[in-house]
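Taking it in order: structure first as structure tokens, then the write-up.
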Amino acid sequence: MVPAVFLDKDGTLIPDVPYNVEPSKIILSEFAQEALGKLSDRGFKLIVVSNQSGVARGYFPELALMGVEQRLQELLNPIRLDGFYYCPHHPQGKIDEYRVDCNCRKPEAGMLLKAAKEHGIDLARSWMIGDILNDVEAGRKAGCRSILIDNGNETEWILNEAREPHFRVANLAEAAEIILNGLHKS
């Protein structure tokens, strides 16, 4: 069993541009390459977990996400993402097959649990990094420690024990430093 760092995509790994699936418009967030390189070098699997309700809403086809994953792999090269998981569902979606309440849409932990099973991940030694509290909650539900990149994207601030991040940081560089230094919050 190996540790992983689960990464939200929009607002964490890349700047948040709503419903952007155009590969040529995707760029990495500041410090992403360096931070993920350090984490990968220390043996962490790197797994993207992303809500993609644009599929359910009819904004883009699910197939478009293959181009997004490919673009991320190109931008991160030589670092490799070990997994790319997404939830195409939304309960108010316009596309019938995706208009469901599911266990994969964050704040649920389904994507993290599936990745853990498929990649032999030790969730207790793993981390979830995201820019909103739904990311934090998904990480906590999966049994991971969580880091909130407090970049202004969280607008609701509904806090409870499940949504309280272990750490708050400004960017991926600070998140990687916390993880690599083995800092823990009780």
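Going by the structure tokens order, chains are called A, B, ..., each with residues numbered from 1, while ligands are numbered from 1 in the order shown.
By chain and then residue number, the residues within 12 Å of A:Pro78 are A:Gln33, A:Glu34, A:Leu36, A:Gly37, A:Ser40, A:Asp41, A:Leu72, A:Gln73, counting only C-alpha atoms and disregarding those fewer than 5 positions away in sequence.
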Exercise. Which residues in stretch 25-65 of chain A does DSSP call strand (DSSP E)? List them as a list of chain:residue names.
Worked result: A:Lys45, A:Leu46, A:Ile47, A:Val48, A:Val49, A:Ser50, A:Asn51
Store the residues picked out above in a file with N, CA and C atoms, as an mmCIF file, in the first residue's frame.
```cif
data_model
loop_
_atom_site.group_PDB
_atom_site.id
_atom_site.type_symbol
_atom_site.label_atom_id
_atom_site.label_comp_id
_atom_site.auth_asym_id
_atom_site.auth_seq_id
_atom_site.Cartn_x
_atom_site.Cartn_y
_atom_site.Cartn_z
ATOM 1 N N LYS A 45 1.686 8.693 -5.060
ATOM 2 C CA LYS A 45 0.939 8.615 -6.303
ATOM 3 C C LYS A 45 0.179 9.937 -6.449
ATOM 4 N N LEU A 46 0.045 10.411 -7.671
ATOM 5 C CA LEU A 46 -0.652 11.661 -7.953
ATOM 6 C C LEU A 46 -1.942 11.338 -8.691
ATOM 7 N N ILE A 47 -3.066 11.643 -8.054
ATOM 8 C CA ILE A 47 -4.375 11.269 -8.577
ATOM 9 C C ILE A 47 -5.279 12.501 -8.645
ATOM 10 N N VAL A 48 -5.780 12.814 -9.832
ATOM 11 C CA VAL A 48 -6.747 13.902 -9.987
ATOM 12 C C VAL A 48 -8.140 13.352 -9.708
ATOM 13 N N VAL A 49 -8.914 14.094 -8.908
ATOM 14 C CA VAL A 49 -10.323 13.778 -8.640
ATOM 15 C C VAL A 49 -11.120 15.061 -8.845
ATOM 16 N N SER A 50 -12.004 15.047 -9.839
ATOM 17 C CA SER A 50 -12.633 16.295 -10.275
ATOM 18 C C SER A 50 -14.113 16.117 -10.566
ATOM 19 N N ASN A 51 -14.942 17.002 -10.003
ATOM 20 C CA ASN A 51 -16.349 17.065 -10.388
ATOM 21 C C ASN A 51 -16.432 17.725 -11.763
#
```
Problem set entry | Neighbour list for A:Lys38 as a list in words, cut-off 12 Å, only C-alpha atoms, skip fewer than 5 positions in-chain | Val5, Phe31, Ala32, Gln33, Gly43, Phe44, Lys45, Leu46, Ile79, Leu172, Ala173, Glu174, Ala175, Ala176, Glu177, Ile178, Ile179, Leu180 and Asn181 of chain A
Keeping N, CA and C atoms for every residue in the selection just given, could you write it to a file as a PDB file, in the first residue's frame?
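selection15.pdb was written with the following content:
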```
ATOM      1  N   VAL A   5      -1.428  11.598  -3.196  1.00  0.00           N
ATOM      2  CA  VAL A   5      -1.944  12.949  -3.066  1.00  0.00           C
ATOM      3  C   VAL A   5      -3.059  13.056  -4.102  1.00  0.00           C
ATOM      4  N   PHE A  31       3.411  26.926  -9.370  1.00  0.00           N
ATOM      5  CA  PHE A  31       4.098  25.955  -8.509  1.00  0.00           C
ATOM      6  C   PHE A  31       3.674  24.502  -8.720  1.00  0.00           C
ATOM      7  N   ALA A  32       2.724  24.230  -9.623  1.00  0.00           N
ATOM      8  CA  ALA A  32       2.219  22.859  -9.777  1.00  0.00           C
ATOM      9  C   ALA A  32       3.317  21.893 -10.209  1.00  0.00           C
ATOM     10  N   GLN A  33       4.079  22.259 -11.209  1.00  0.00           N
ATOM     11  CA  GLN A  33       5.122  21.361 -11.734  1.00  0.00           C
ATOM     12  C   GLN A  33       6.136  21.021 -10.644  1.00  0.00           C
ATOM     13  N   GLY A  43       7.562   9.353  -3.589  1.00  0.00           N
ATOM     14  CA  GLY A  43       6.785   8.130  -3.620  1.00  0.00           C
ATOM     15  C   GLY A  43       5.278   8.276  -3.542  1.00  0.00           C
ATOM     16  N   PHE A  44       4.779   9.498  -3.585  1.00  0.00           N
ATOM     17  CA  PHE A  44       3.330   9.688  -3.571  1.00  0.00           C
ATOM     18  C   PHE A  44       2.755   9.468  -4.965  1.00  0.00           C
ATOM     19  N   LYS A  45       1.686   8.693  -5.060  1.00  0.00           N
ATOM     20  CA  LYS A  45       0.939   8.615  -6.303  1.00  0.00           C
ATOM     21  C   LYS A  45       0.179   9.937  -6.449  1.00  0.00           C
ATOM     22  N   LEU A  46       0.045  10.411  -7.671  1.00  0.00           N
ATOM     23  CA  LEU A  46      -0.652  11.661  -7.953  1.00  0.00           C
ATOM     24  C   LEU A  46      -1.942  11.338  -8.691  1.00  0.00           C
ATOM     25  N   ILE A  79       6.718  14.420 -15.160  1.00  0.00           N
ATOM     26  CA  ILE A  79       5.910  13.907 -14.052  1.00  0.00           C
ATOM     27  C   ILE A  79       4.662  13.264 -14.653  1.00  0.00           C
ATOM     28  N   LEU A 172       0.063  25.370  -4.149  1.00  0.00           N
ATOM     29  CA  LEU A 172       0.545  23.983  -4.147  1.00  0.00           C
ATOM     30  C   LEU A 172       1.945  23.838  -3.553  1.00  0.00           C
ATOM     31  N   ALA A 173       2.778  24.849  -3.689  1.00  0.00           N
ATOM     32  CA  ALA A 173       4.126  24.769  -3.109  1.00  0.00           C
ATOM     33  C   ALA A 173       4.039  24.624  -1.591  1.00  0.00           C
ATOM     34  N   GLU A 174       3.184  25.419  -0.964  1.00  0.00           N
ATOM     35  CA  GLU A 174       3.018  25.332   0.492  1.00  0.00           C
ATOM     36  C   GLU A 174       2.399  23.991   0.889  1.00  0.00           C
ATOM     37  N   ALA A 175       1.460  23.507   0.083  1.00  0.00           N
ATOM     38  CA  ALA A 175       0.846  22.208   0.374  1.00  0.00           C
ATOM     39  C   ALA A 175       1.894  21.102   0.323  1.00  0.00           C
ATOM     40  N   ALA A 176       2.720  21.104  -0.720  1.00  0.00           N
ATOM     41  CA  ALA A 176       3.765  20.078  -0.845  1.00  0.00           C
ATOM     42  C   ALA A 176       4.741  20.144   0.325  1.00  0.00           C
ATOM     43  N   GLU A 177       5.070  21.342   0.754  1.00  0.00           N
ATOM     44  CA  GLU A 177       5.999  21.499   1.889  1.00  0.00           C
ATOM     45  C   GLU A 177       5.426  20.849   3.147  1.00  0.00           C
ATOM     46  N   ILE A 178       4.159  21.067   3.408  1.00  0.00           N
ATOM     47  CA  ILE A 178       3.516  20.459   4.579  1.00  0.00           C
ATOM     48  C   ILE A 178       3.572  18.932   4.480  1.00  0.00           C
ATOM     49  N   ILE A 179       3.209  18.400   3.329  1.00  0.00           N
ATOM     50  CA  ILE A 179       3.188  16.948   3.145  1.00  0.00           C
ATOM     51  C   ILE A 179       4.595  16.365   3.277  1.00  0.00           C
ATOM     52  N   LEU A 180       5.561  16.993   2.618  1.00  0.00           N
ATOM     53  CA  LEU A 180       6.923  16.450   2.608  1.00  0.00           C
ATOM     54  C   LEU A 180       7.622  16.576   3.950  1.00  0.00           C
ATOM     55  N   ASN A 181       7.228  17.550   4.734  1.00  0.00           N
ATOM     56  CA  ASN A 181       7.821  17.703   6.067  1.00  0.00           C
ATOM     57  C   ASN A 181       7.124  16.842   7.103  1.00  0.00           C
TER      58      ASN A 181
END
```
For this session: Between A:Ala56, A:Val21, A:Ala116, A:Arg71, single out the one closest to A:His90, counting only C-alpha atoms.
Result: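 Looking at the shortest contact to A:His90, the residue is A:Ala56.
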Exercise. Which one of A:Gly152, A:Gly120, A:Pro23, A:Pro18 sits closest to A:Tyr59 if you count only C-alpha atoms?
Worked result: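 Among the listed residues, A:Pro18 lies closest to A:Tyr59.
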